[in-house]
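Here the structure comes first, spelled out in structure tokens, and everything after it is commentary.
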Amino acid sequence: VKQGIAFELAPYFYLGQDISLKDYQRRGGPKYALANTHISFGTVRTQGDSGSTDFALGLRTVFIDAADPMRNPEVSRALGEGYTACFKELSGPDEAEKQAEGCIAKATIAAAKKHDALWNARRMALAVVAGGRLPGSEFRGTHGTGVRAWLGYSERMGPKGQLILSGGYRRNRAETADSNYRALSLGARINFGSAHANLFLEGATEQRSNIGAAVDKSTTGFTGGIEFRAADGVWVSTGVGNGYEGVKKADRMLVLLGLRWGVSAAQRFDPTKP
């Protein structure tokens, strides 16, 4: 069991700021980006060195998310109208609580159906993370272990398709100089399907510079597969390629028709996250 601490916060609200629904739904509004900026921090014991500690500080900002249920007027309207209509029908106090639960469930389902249609909507997000190490878990001798940055953008391609483009920068500082490098990466992914079933094909390349003796100058790979929701809370996926092997591991594996299928409680290839 790894030991450490982790937390995440939205600084916009901790500073006592708020945002109206109108400002939140305004396309490209700076308040929207600030309201969707998150800062995270975590620590863990250094692998192979029980006396030292690794740490990481991250920042993530969402500039555009047309599938945000609070930002989309149709989804928020369906939810609000559903609540209003439902609560107007409430009878006496004896049945009010039970009826209210049914009201909320009915309105939520109606809004969710509209939200599902936005699975391939336009999105853009930026993430940056920096890592470091505390030798002997003391501030003296603290040094960085690397920096990574990602920019992702997705665009709708008709009702069934989605194109995702991504770019990244990596600065890797290893314990030994022959494993150090800097890198720029580019990637693209095409999804075809719906909110509950997707075929996907992805390609990515990374070009490295200032490389150590143990580092390849470049890497290129392709990934393809399928993922679908078999039931509520049950997602099934299979695929080939380095990208497929690198995502979060499935909760359990099955072999069917000569293929290995991963079964998970949540999506492993979430198209809503470029």
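Labeling convention for the structure tokens: chains A, B, ... as they appear, residues from 1 per chain, ligands from 1 in order of appearance.
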
Closest atom pairs, residues of segment 115-221 of chain A within 6 Å of segment 42-57 of chain A, only C-alpha atoms, as CSV:
```
residue,atom,partner,partner_atom,distance
A:Val129,CA,A:Leu57,CA,5.6
A:Ala130,CA,A:Leu57,CA,5.4
A:Gly131,CA,A:Ala56,CA,4.2
A:Gly132,CA,A:Phe55,CA,5.4
A:Arg133,CA,A:Asp54,CA,4.4
A:Leu134,CA,A:Thr53,CA,5.1
A:Pro135,CA,A:Ser52,CA,4.7
A:Gly136,CA,A:Ser52,CA,4.3
A:Ser137,CA,A:Ser52,CA,4.6
```

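Taking only C-alpha atoms, the non-local environment of Tyr153 of chain A within 7 Å (same-chain residues fewer than 6 positions away omitted) comprises Arg123, Met124, Ala125, Ile164, Leu165, Ser166 and Pro274 of chain A.
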
Could you pull the residues within 12 Å of segment 15-19 of chain A, counting only C-alpha atoms, minus those fewer than 2 positions along the same chain, as a list in words?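 Result of the neighbour search: Leu9, Ala10, Pro11, Tyr12, Phe13, Leu21, Lys22, Asp23, Tyr24, Gln25, Arg26, Gly29, Pro30, Lys31, Tyr32, Ala33, Leu34, Ala35, Asn36, Met70 and Arg71 of chain A.
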
Any chance you could export the current selection's N, CA and C atoms as a short mmCIF file (atom, residue, chain, number, x, y, z; two decimals), in the first residue's frame?
```cif
data_model
loop_
_atom_site.label_atom_id
_atom_site.label_comp_id
_atom_site.auth_asym_id
_atom_site.auth_seq_id
_atom_site.Cartn_x
_atom_site.Cartn_y
_atom_site.Cartn_z
N LEU A 9 -8.37 21.32 -5.30
CA LEU A 9 -9.25 22.44 -4.97
C LEU A 9 -9.48 23.31 -6.20
N ALA A 10 -10.60 24.06 -6.15
CA ALA A 10 -10.94 25.03 -7.19
C ALA A 10 -10.70 26.42 -6.59
N PRO A 11 -9.58 27.06 -6.85
CA PRO A 11 -9.21 28.31 -6.17
C PRO A 11 -10.19 29.44 -6.40
N TYR A 12 -10.89 29.46 -7.52
CA TYR A 12 -11.83 30.54 -7.82
C TYR A 12 -12.87 30.70 -6.72
N PHE A 13 -13.37 29.56 -6.22
CA PHE A 13 -14.41 29.60 -5.20
C PHE A 13 -13.83 29.78 -3.80
N LEU A 21 -25.28 31.95 -13.69
CA LEU A 21 -25.53 30.96 -14.73
C LEU A 21 -25.33 31.58 -16.12
N LYS A 22 -25.71 32.85 -16.28
CA LYS A 22 -25.54 33.53 -17.57
C LYS A 22 -24.07 33.62 -17.95
N ASP A 23 -23.21 34.01 -17.00
CA ASP A 23 -21.78 34.10 -17.28
C ASP A 23 -21.18 32.72 -17.51
N TYR A 24 -21.67 31.74 -16.77
CA TYR A 24 -21.14 30.39 -16.90
C TYR A 24 -21.45 29.82 -18.28
N GLN A 25 -22.61 30.18 -18.83
CA GLN A 25 -23.03 29.63 -20.12
C GLN A 25 -22.54 30.46 -21.30
N ARG A 26 -21.89 31.60 -21.04
CA ARG A 26 -21.39 32.43 -22.13
C ARG A 26 -20.20 31.74 -22.79
N GLY A 29 -16.23 32.53 -22.21
CA GLY A 29 -16.10 33.51 -21.15
C GLY A 29 -14.93 33.20 -20.23
N PRO A 30 -14.13 34.22 -19.85
CA PRO A 30 -12.99 33.98 -18.95
C PRO A 30 -13.42 33.48 -17.58
N LYS A 31 -14.60 33.90 -17.12
CA LYS A 31 -15.07 33.42 -15.83
C LYS A 31 -15.30 31.91 -15.85
N TYR A 32 -15.74 31.40 -17.00
CA TYR A 32 -15.96 29.96 -17.11
C TYR A 32 -14.65 29.21 -16.93
N ALA A 33 -13.60 29.69 -17.61
CA ALA A 33 -12.29 29.03 -17.49
C ALA A 33 -11.77 29.09 -16.06
N LEU A 34 -11.92 30.26 -15.41
CA LEU A 34 -11.46 30.39 -14.03
C LEU A 34 -12.25 29.48 -13.09
N ALA A 35 -13.57 29.40 -13.31
CA ALA A 35 -14.40 28.55 -12.46
C ALA A 35 -14.09 27.07 -12.65
N ASN A 36 -13.49 26.73 -13.79
CA ASN A 36 -13.15 25.33 -14.06
C ASN A 36 -11.65 25.08 -14.03
N MET A 70 -24.24 22.06 -17.02
CA MET A 70 -24.66 23.36 -16.49
C MET A 70 -24.46 24.47 -17.52
N ARG A 71 -23.55 24.24 -18.46
CA ARG A 71 -23.29 25.27 -19.45
C ARG A 71 -24.26 25.19 -20.62
#
```

Between atom CA of Arg148 of chain A and atom CA of Phe63 of chain A, what is the distance in Å, rounded to a tenth? 18.7 Å
